[in-house]
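**Student:** Input file: coords-v1.csv. Contents: CSV, C-alpha atoms.
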chain,number,residue,atom,x,y,z
A,1,MET,CA,120.5,152.5,1.4
A,2,ALA,CA,120.7,156.0,-0.1
A,3,PRO,CA,120.3,156.4,-3.9
A,4,THR,CA,123.6,158.3,-4.0
A,5,GLU,CA,125.4,155.2,-2.8
A,6,LEU,CA,123.8,152.9,-5.3
A,7,ALA,CA,124.6,154.9,-8.4
A,8,THR,CA,128.2,154.1,-9.5
A,9,SER,CA,130.5,155.9,-11.8
A,10,GLN,CA,129.8,153.5,-14.7
A,11,THR,CA,126.2,154.4,-15.4
A,12,VAL,CA,124.3,154.1,-18.6
A,13,LEU,CA,122.2,157.2,-18.0
A,14,ALA,CA,123.5,159.4,-15.2
A,15,PRO,CA,120.6,160.3,-12.8
A,16,VAL,CA,119.8,164.0,-12.4
A,17,TYR,CA,120.1,165.3,-8.9
A,18,SER,CA,118.2,168.5,-7.7
A,19,LYS,CA,119.0,170.5,-4.7
A,20,PRO,CA,115.9,172.0,-3.1
A,21,ALA,CA,115.8,174.7,-0.5
A,22,SER,CA,116.1,172.2,2.3
A,23,ALA,CA,119.7,171.4,1.0
A,24,GLU,CA,118.7,167.7,0.8
A,25,ARG,CA,119.7,165.8,-2.3
A,26,THR,CA,117.0,163.8,-4.1
A,27,VAL,CA,117.3,161.7,-7.2
A,28,ILE,CA,115.3,162.3,-10.4
A,29,CYS,CA,115.0,159.7,-13.2
A,30,PRO,CA,116.6,161.2,-16.4
A,31,ASP,CA,113.9,159.8,-18.6
A,32,CYS,CA,110.6,160.2,-16.8
A,33,ARG,CA,111.8,163.0,-14.5
A,34,GLY,CA,109.8,161.5,-11.7
A,35,MET,CA,110.7,162.8,-8.3
A,36,ALA,CA,112.1,160.2,-6.0
A,37,PRO,CA,111.5,157.2,-8.3
A,38,LYS,CA,111.2,153.7,-7.1
A,39,LEU,CA,114.5,152.0,-7.6
A,40,ILE,CA,114.7,148.3,-8.5
A,41,HIS,CA,117.7,146.0,-8.1
A,42,ASP,CA,118.1,143.6,-11.0
A,43,PHE,CA,120.6,141.1,-9.7
A,44,ALA,CA,120.6,139.0,-12.9
A,45,SER,CA,122.1,141.9,-14.9
A,46,GLY,CA,123.6,143.9,-12.1
A,47,ASP,CA,121.6,147.1,-13.0
A,48,LEU,CA,119.7,149.6,-11.0
A,49,LEU,CA,116.3,150.3,-12.7
A,50,CYS,CA,113.7,153.0,-12.4
A,51,GLY,CA,110.4,151.5,-11.3
A,52,GLY,CA,108.3,153.9,-13.4
A,53,CYS,CA,109.9,153.7,-16.9
A,54,ASN,CA,112.3,150.7,-16.5
A,55,THR,CA,115.3,152.9,-17.4
A,56,ALA,CA,118.7,151.8,-16.2
A,57,VAL,CA,119.9,154.3,-13.7
A,58,GLY,CA,123.2,152.5,-12.8
A,59,ASP,CA,125.0,149.2,-13.6
A,60,ARG,CA,127.7,146.9,-12.3
A,61,LEU,CA,126.2,146.7,-8.8
A,62,ILE,CA,127.7,144.2,-6.4
A,63,GLY,CA,125.0,142.9,-4.1
A,64,SER,CA,125.3,140.7,-1.0
A,65,HIS,CA,122.4,138.5,-2.1
A,66,SER,CA,123.2,134.7,-2.4
A,67,ALA,CA,121.8,134.5,-5.9
A,68,TRP,CA,124.3,137.1,-7.1
A,69,ARG,CA,127.2,135.2,-5.6
A,70,SER,CA,126.0,132.0,-7.1
A,71,ALA,CA,125.6,133.5,-10.6
A,72,MET,CA,129.1,135.1,-10.4
A,73,LYS,CA,130.6,131.8,-9.3
A,74,HIS,CA,129.1,129.6,-12.0
A,75,SER,CA,129.5,132.1,-14.8
A,76,ARG,CA,133.1,133.0,-14.2
A,77,GLN,CA,134.6,129.9,-12.5
A,78,ALA,CA,135.8,128.2,-15.7
A,79,GLU,CA,137.4,131.4,-16.9
A,80,GLU,CA,139.1,132.1,-13.6
A,81,ASP,CA,140.5,128.5,-13.4
A,82,ALA,CA,141.9,128.7,-16.9
A,83,ARG,CA,143.5,132.0,-16.2
A,84,ILE,CA,145.1,130.8,-13.0
A,85,LEU,CA,146.5,127.7,-14.6
A,86,MET,CA,147.7,129.6,-17.6
A,87,SER,CA,149.5,132.0,-15.3
A,88,LEU,CA,151.5,129.1,-13.8
A,89,GLN,CA,153.4,128.7,-17.1
A,90,THR,CA,154.9,132.1,-16.8
A,91,ALA,CA,155.0,132.3,-13.0
A,92,SER,CA,158.1,133.9,-11.5
A,93,PRO,CA,160.3,132.1,-8.9
A,94,ARG,CA,158.6,134.2,-6.2
A,95,SER,CA,155.4,132.4,-6.7
A,96,ASP,CA,154.7,132.3,-3.0
A,97,ASP,CA,153.7,136.0,-3.2
A,98,THR,CA,151.0,135.0,-5.7
A,99,ILE,CA,149.7,132.4,-3.4
A,100,SER,CA,149.5,134.8,-0.5
A,101,SER,CA,147.7,137.4,-2.7
A,102,PHE,CA,145.0,134.8,-3.4
A,103,GLY,CA,144.8,133.9,0.2
A,104,ARG,CA,143.8,137.4,1.1
A,105,GLY,CA,140.1,138.1,0.7
A,106,ASP,CA,138.5,140.4,-1.8
A,107,GLY,CA,137.1,143.7,-0.8
A,108,ASP,CA,137.8,146.0,2.1
A,109,SER,CA,136.6,143.6,4.8
A,110,GLY,CA,139.9,141.7,4.8
A,111,GLY,CA,138.2,138.4,4.9
A,112,SER,CA,138.6,135.4,2.6
A,113,SER,CA,135.7,134.8,0.2
A,114,PRO,CA,135.0,131.2,-1.0
A,115,VAL,CA,136.0,132.2,-4.5
A,116,SER,CA,139.4,133.5,-3.5
A,117,LEU,CA,140.0,130.5,-1.3
A,118,GLU,CA,139.3,128.1,-4.1
A,119,LYS,CA,141.6,130.1,-6.4
A,120,GLY,CA,144.3,129.8,-3.8
A,121,ALA,CA,143.8,126.0,-3.4
A,122,ILE,CA,144.0,125.5,-7.2
A,123,LEU,CA,147.2,127.5,-7.4
A,124,SER,CA,148.7,125.8,-4.3
A,125,ARG,CA,148.1,122.3,-5.7
A,126,ALA,CA,149.6,123.2,-9.0
A,127,LEU,CA,152.7,124.8,-7.4
A,128,ARG,CA,153.1,121.8,-5.1
A,129,SER,CA,153.1,119.5,-8.1
A,130,ARG,CA,155.5,121.8,-9.9
A,131,THR,CA,157.8,121.8,-6.9
A,132,HIS,CA,157.6,118.0,-6.6
A,133,ASP,CA,158.7,117.6,-10.2
A,134,ARG,CA,161.6,120.0,-9.7
A,135,VAL,CA,162.7,118.1,-6.5
A,136,ALA,CA,162.5,114.8,-8.4
A,137,ALA,CA,164.6,116.2,-11.2
A,138,GLN,CA,167.2,117.4,-8.8
A,139,ARG,CA,167.3,114.0,-7.0
A,140,HIS,CA,167.7,112.2,-10.3
A,141,GLU,CA,170.6,114.6,-11.3
A,142,ARG,CA,172.3,114.0,-7.9
A,143,GLN,CA,172.0,110.3,-8.3
A,144,GLU,CA,173.5,110.4,-11.8
A,145,ARG,CA,176.4,112.5,-10.4
A,146,ASN,CA,177.0,110.1,-7.6
A,147,LEU,CA,177.0,107.1,-9.9
A,148,MET,CA,179.4,108.7,-12.3
A,149,ARG,CA,181.9,109.5,-9.5
A,150,ALA,CA,181.6,106.1,-7.9
A,151,PHE,CA,182.0,104.2,-11.1
A,152,GLY,CA,185.1,106.1,-11.9
A,153,GLU,CA,186.7,105.4,-8.5
A,154,ILE,CA,185.7,101.8,-8.5
A,155,SER,CA,187.2,101.2,-12.0
A,156,ALA,CA,190.5,103.0,-10.9
A,157,ALA,CA,190.7,101.0,-7.7
A,158,CYS,CA,190.1,97.7,-9.5
A,159,THR,CA,192.8,98.6,-12.1
A,160,THR,CA,195.3,99.5,-9.4
A,161,MET,CA,194.7,96.3,-7.5
A,162,ASP,CA,194.7,94.2,-10.7
A,163,LEU,CA,191.2,92.8,-10.0
A,164,PRO,CA,189.3,91.1,-12.7
A,165,PRO,CA,186.3,92.8,-14.5
A,166,VAL,CA,183.8,90.8,-12.6
A,167,ILE,CA,184.8,92.6,-9.4
A,168,ASP,CA,184.3,95.9,-11.1
A,169,SER,CA,180.9,94.9,-12.3
A,170,THR,CA,179.8,93.5,-9.0
A,171,ALA,CA,180.9,96.6,-7.1
A,172,ARG,CA,179.0,98.8,-9.5
A,173,ASP,CA,175.9,96.8,-9.0
A,174,LEU,CA,176.2,97.0,-5.2
A,175,PHE,CA,176.6,100.8,-5.4
A,176,LYS,CA,173.6,101.1,-7.7
A,177,ARG,CA,171.5,99.3,-5.0
A,178,VAL,CA,172.9,101.6,-2.3
A,179,GLU,CA,172.0,104.7,-4.4
A,180,ALA,CA,168.5,103.3,-5.3
A,181,GLU,CA,167.6,102.5,-1.7
A,182,ASN,CA,169.2,105.8,-0.5
A,183,LEU,CA,171.4,103.9,2.0
A,184,HIS,CA,174.2,106.4,1.8
A,185,ARG,CA,172.3,109.1,3.7
A,186,GLY,CA,174.5,110.2,6.5
A,187,LYS,CA,177.4,108.0,5.4
A,188,ASN,CA,180.8,108.8,4.0
A,189,ILE,CA,180.5,108.3,0.2
A,190,ASP,CA,184.2,107.2,0.1
A,191,ALA,CA,183.5,104.5,2.7
A,192,ILE,CA,180.5,103.3,0.7
A,193,ILE,CA,182.7,102.9,-2.4
A,194,ALA,CA,185.5,101.1,-0.5
A,195,THR,CA,183.0,98.8,1.1
A,196,CYS,CA,181.4,97.9,-2.2
A,197,ILE,CA,184.8,96.9,-3.6
A,198,PHE,CA,185.5,94.9,-0.4
A,199,LEU,CA,182.1,93.2,-0.5
A,200,ALA,CA,182.5,92.4,-4.2
A,201,CYS,CA,185.8,90.7,-3.6
A,202,ARG,CA,184.3,88.6,-0.8
A,203,GLN,CA,181.3,87.6,-3.0
A,204,LYS,CA,183.6,86.5,-5.9
A,205,SER,CA,186.0,84.6,-3.6
A,206,LEU,CA,188.8,87.0,-4.3
A,207,PRO,CA,189.0,88.5,-0.9
A,208,ARG,CA,191.2,91.5,0.0
A,209,THR,CA,192.1,92.5,3.5
A,210,PHE,CA,190.9,95.7,5.2
A,211,LYS,CA,194.4,97.1,5.1
A,212,GLU,CA,194.7,96.6,1.4
A,213,ILE,CA,191.4,98.4,0.8
A,214,CYS,CA,192.3,101.2,3.3
A,215,ALA,CA,195.7,101.8,1.6
A,216,LEU,CA,194.1,102.1,-1.7
A,217,THR,CA,191.0,104.2,-0.9
A,218,LYS,CA,192.5,106.2,2.0
A,219,VAL,CA,189.5,105.4,4.1
A,220,PRO,CA,190.0,104.4,7.8
A,221,ARG,CA,189.6,100.8,8.6
A,222,LYS,CA,187.1,101.5,11.3
A,223,ASP,CA,184.8,103.3,8.8
A,224,ILE,CA,185.1,100.4,6.3
A,225,GLY,CA,184.3,97.8,8.9
A,226,ARG,CA,181.3,99.8,10.2
A,227,THR,CA,180.0,100.4,6.7
A,228,PHE,CA,180.5,96.7,5.8
A,229,LYS,CA,178.3,95.5,8.6
A,230,PHE,CA,175.7,98.1,7.7
A,231,LEU,CA,175.5,97.3,4.0
A,232,LYS,CA,175.7,93.6,4.5
A,233,GLU,CA,172.6,93.8,6.7
A,234,LYS,CA,170.6,96.3,4.6
A,235,LEU,CA,171.4,94.7,1.2
A,236,GLY,CA,171.2,91.1,2.4
A,237,ALA,CA,174.4,90.5,0.5
A,238,GLU,CA,176.0,87.1,0.9
A,239,ALA,CA,179.7,87.3,1.5
A,240,SER,CA,181.8,84.2,1.9
A,241,PRO,CA,184.2,84.3,4.9
A,242,MET,CA,187.8,84.9,4.2
A,243,SER,CA,190.2,82.1,4.9
A,244,SER,CA,194.0,81.9,5.0
A,245,ASP,CA,193.9,79.7,1.9
A,246,ASP,CA,192.6,82.6,-0.1
A,247,LEU,CA,195.5,84.8,0.9
A,248,MET,CA,198.4,82.4,0.7
A,249,THR,CA,199.1,82.5,-3.0
A,250,ARG,CA,198.9,86.3,-3.3
A,251,PHE,CA,201.1,86.9,-0.2
A,252,CYS,CA,203.7,84.6,-1.5
A,253,ALA,CA,203.7,86.3,-4.9
A,254,ASN,CA,204.1,89.7,-3.3
A,255,LEU,CA,207.0,88.4,-1.3
A,256,SER,CA,208.7,87.0,-4.4
A,257,LEU,CA,208.8,83.4,-3.0
A,258,LEU,CA,209.5,80.4,-5.2
A,259,SER,CA,206.8,77.8,-5.9
A,260,SER,CA,208.4,75.4,-3.4
A,261,ALA,CA,208.0,77.9,-0.5
A,262,GLN,CA,204.4,78.6,-1.6
A,263,GLU,CA,203.6,74.9,-1.7
A,264,CYS,CA,205.2,74.4,1.7
A,265,ALA,CA,203.2,77.3,3.2
A,266,VAL,CA,199.9,75.9,1.9
A,267,MET,CA,200.6,72.5,3.3
A,268,LEU,CA,201.6,74.0,6.7
A,269,ASN,CA,198.4,75.9,6.7
A,270,GLN,CA,196.3,72.8,6.1
A,271,MET,CA,198.1,70.9,8.8
A,272,ALA,CA,197.7,73.7,11.3
A,273,LYS,CA,193.9,73.7,10.6
A,274,GLN,CA,193.7,70.0,11.1
A,275,ARG,CA,195.5,70.2,14.5
A,276,ASP,CA,193.9,73.5,15.5
A,277,THR,CA,197.3,74.8,16.3
A,278,LEU,CA,196.3,78.4,15.5
A,279,ALA,CA,192.6,78.2,16.6
A,280,GLY,CA,191.1,81.6,17.2
A,281,LYS,CA,193.6,83.4,15.1
A,282,SER,CA,192.6,85.6,12.2
A,283,PRO,CA,193.1,84.3,8.6
A,284,VAL,CA,195.7,87.1,7.9
A,285,SER,CA,197.7,86.1,11.0
A,286,ILE,CA,197.6,82.4,10.1
A,287,ALA,CA,198.7,83.1,6.6
A,288,GLY,CA,201.5,85.4,7.7
A,289,ALA,CA,202.8,82.9,10.3
A,290,CYS,CA,202.7,79.9,7.9
A,291,ILE,CA,204.6,81.9,5.3
A,292,TYR,CA,207.2,83.0,7.8
A,293,MET,CA,207.8,79.4,8.9
A,294,ALA,CA,207.8,78.0,5.4
A,295,SER,CA,210.2,80.6,4.0
A,296,HIS,CA,212.8,79.7,6.7
A,297,LEU,CA,212.0,76.0,6.3
A,298,VAL,CA,212.9,75.8,2.6
A,299,GLY,CA,215.9,78.2,2.8
A,300,GLN,CA,214.1,81.3,1.4
A,301,PRO,CA,213.8,83.3,4.7
A,302,ARG,CA,211.7,86.4,4.8
A,303,ASP,CA,211.8,88.8,7.7
A,304,ALA,CA,208.6,89.1,9.9
A,305,LYS,CA,208.6,92.9,9.3
A,306,VAL,CA,208.5,92.4,5.5
A,307,ILE,CA,205.7,89.8,5.8
A,308,SER,CA,203.7,92.1,8.2
A,309,HIS,CA,203.9,94.9,5.6
A,310,VAL,CA,202.5,92.6,2.9
A,311,ALA,CA,199.9,90.9,5.1
A,312,GLY,CA,198.7,94.0,6.9
A,313,VAL,CA,199.2,92.8,10.4
A,314,SER,CA,201.8,93.7,13.0
A,315,GLU,CA,205.2,92.0,13.3
A,316,VAL,CA,204.4,91.0,16.9
A,317,THR,CA,201.2,89.3,15.7
A,318,ILE,CA,203.1,87.2,13.2
A,319,LYS,CA,205.8,86.2,15.7
A,320,ASN,CA,203.2,85.3,18.4
A,321,SER,CA,201.4,83.0,15.9
A,322,TYR,CA,204.8,81.5,14.8
A,323,LYS,CA,205.5,80.6,18.5
A,324,LEU,CA,202.5,78.2,18.4
A,325,LEU,CA,203.7,76.7,15.1
A,326,PHE,CA,207.2,76.2,16.4
A,327,ALA,CA,206.0,74.5,19.5
A,328,ASP,CA,204.1,72.0,17.4
A,329,ARG,CA,206.7,71.7,14.6
A,330,TYR,CA,207.4,68.0,14.9
A,331,GLN,CA,203.8,67.1,14.4
A,332,LEU,CA,203.2,69.8,11.7
A,333,VAL,CA,206.2,69.3,9.5
A,334,SER,CA,205.7,66.0,7.8
A,335,ASP,CA,207.8,64.2,5.3
A,336,ALA,CA,205.6,65.5,2.5
A,337,ILE,CA,206.3,69.1,3.6
A,338,LEU,CA,210.0,68.5,3.8
A,339,GLY,CA,209.8,66.9,0.3
A,340,THR,CA,208.7,70.2,-1.3
A,341,SER,CA,212.3,71.4,-1.5
A,342,PRO,CA,215.6,69.5,-1.3
A,343,MET,CA,216.9,72.2,1.0
A,344,ALA,CA,214.0,71.9,3.5
A,345,SER,CA,215.1,71.3,7.1
A,346,LEU,CA,213.8,71.9,10.6
A,347,GLU,CA,217.3,73.3,11.5
A,348,TYR,CA,216.6,76.4,9.5
A,349,LEU,CA,213.7,77.4,11.7
A,350,PRO,CA,214.5,80.4,13.9
A,351,VAL,CA,213.9,80.0,17.7
A,352,PRO,CA,211.3,82.4,18.9
Could you write out this structure as structure tokens?
**Tutor:**
Amino acid sequence: MAPTELATSQTVLAPVYSKPASAERTVICPDCRGMAPKLIHDFASGDLLCGGCNTAVGDRLIGSHSAWRSAMKHSRQAEEDARILMSLQTASPRSDDTISSFGRGDGDSGGSSPVSLEKGAILSRALRSRTHDRVAAQRHERQERNLMRAFGEISAACTTMDLPPVIDSTARDLFKRVEAENLHRGKNIDAIIATCIFLACRQKSLPRTFKEICALTKVPRKDIGRTFKFLKEKLGAEASPMSSDDLMTRFCANLSLLSSAQECAVMLNQMAKQRDTLAGKSPVSIAGACIYMASHLVGQPRDAKVISHVAGVSEVTIKNSYKLLFADRYQLVSDAILGTSPMASLEYLPVP
């Protein structure tokens, strides 16, 4: 290596160059004035020394010796790590550019030195941790927003349907579990809320029909049914099956029937179960048919169309079930049923 390449611009004592007749440049020590002095590399201090008088000819030399790299690494590692971590506190949103700049190697070779790779690894780990915290905060904020919306809709629905506070509390607990287990991913949030209300009513033995929940929440019945099966399986929620006995009192109240008609409908329902007259029919169909028959039996007739609107089943379904009851009327209608009202008579029953 030529002396002219080893002497840098940051020298303690600038070497004196002479230009002999041969036009070749030679270096002369500025202290001892020796021609072509012996130059010594001091890797510990990074200086270029004159071998004759030990004068520093140049400093801040970067050598390729392994001892120099080791000394640089151990002496400046703590300082570099502290500086990198400190810079994270004031890093801009475009921190990916910073990572890429550390990923590129030092020098003109374009390679990645061990020091730069380690810097990049430290910065990448810190930024990943920072990103993870930011994502966690966003997830928590989204969960809080979903809970606030769901709780408001559940309370409004329970108030509209005149449900007790226990239904409201149970539906909220169910939605909390759905949110905590992230079961609503890919699901309609409105269907989740409607299903939580429906499931809460089943658990507390205050069942509501699918049509009642659909009319209140504006969610299609098919979506509620599909979501109900999904949540019941995932949450392991126990839901008591709905029976016609659970619907009889409410349907009669909505139809403005007197207590005698309600009592007659309940007794008809029990007799039909004992004789399996309406075996295979849905609880809503059984309740609608029994109420239709009882209302005519005690002289408080209600049209099948009106009952279908209250029960949430079609008029044809109610009349088809009533045909079975009418065919078995002499075994179903006992003296106890006729005794519920002084006006009760089989003659009032319409012929299907």
**Student:** Looking at all atoms listed in the file, which of A:Cys196, A:Val306, A:Ala327, A:Gly152 is the one that sits closest to Phe230 (chain A)?
**Tutor:**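 Between A:Cys196, A:Val306, A:Ala327, A:Gly152, the residue approaching Phe230 (chain A) most closely is A:Cys196.
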**Student:** For Leu163 (chain A), which residue out of A:Arg302, A:Lys281, A:Arg134, A:Lys204 is the nearest one, using all atoms listed in the file?
**Tutor:**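 The shortest atom-to-atom distance to Leu163 (chain A) comes from A:Lys204.
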**Student:** In Å, how far is it from CA of Tyr330 (chain A) to CA of Gly299 (chain A)?
**Tutor:** 18.0 Å
**Student:** Could you check how far CA of Gly236 (chain A) sits from CA of Met248 (chain A), in Å to one decimal?
**Tutor:**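 Answer for the CA of Gly236 (chain A) to CA of Met248 (chain A) separation: 28.6 Å.
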**Student:** What is the distance, in Å and to one decimal place, between CA of Ile167 (chain A) and CA of Gln203 (chain A)?
**Tutor:**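 Those two atoms sit 8.8 Å apart.
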**Student:** Smallest atom-to-atom distance to Tyr292 (chain A): which of A:Ala279, A:Ala239, A:Pro352, A:Thr340, using only C-alpha atoms?
**Tutor:** A:Pro352
**Student:** So that I can check the surroundings of Pro283 (chain A), please list as a PyMOL selection string every protein, DNA and RNA residue that reaches within 12 Å of it, counting all atoms listed in the file and ignoring chain neighbours fewer than 4 positions away.
**Tutor:** chain A and resi 207-209+241-248+269+272-273+278-279+287-290+311-313+317-318+321
**Student:** Any idea what's packed within 12 Å of region 275-277 of chain A, counting only C-alpha atoms, ignoring anything in its chain fewer than 4 positions away? Could you give it as a list in words?
**Tutor:**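 The residues that qualify are Leu268, Asn269, Gln270, Met271, Lys281, Ile286, Ala289, Cys290, Ser321, Tyr322, Lys323, Leu324, Leu325, Phe326, Ala327, Asp328, Arg329, Gln331, Leu332 and Val333 of chain A.
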**Student:** Residues at most 12 Å from region 253-255 of chain A, counting all atoms listed in the file, excluding those fewer than 6 positions away in the same chain, as an NGL selection string?
**Tutor:** :A and (247 or 261-263 or 288 or 291-292 or 295 or 300-311)
**Student:** For Asn182 (chain A), which residue among A:Ser205, A:Asn146, A:Ser345, A:Ser155 is the nearest when counting all atoms listed in the file?
**Tutor:**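 Closest residue, counting all atoms listed in the file: A:Asn146.
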**Student:** Could you give me, as number ranges by chain, the residues that sit within 7 Å of (112.1, 149.8, -11.8) in the file's coordinates, counting only C-alpha atoms?
**Tutor:** A: 38-40, 49-54
**Student:** Considering only C-alpha atoms, state which residue in the set A:Leu297, A:Ala336, A:Cys264, A:Thr160 is at the smallest distance from Tyr348 (chain A).
**Tutor:** A:Leu297
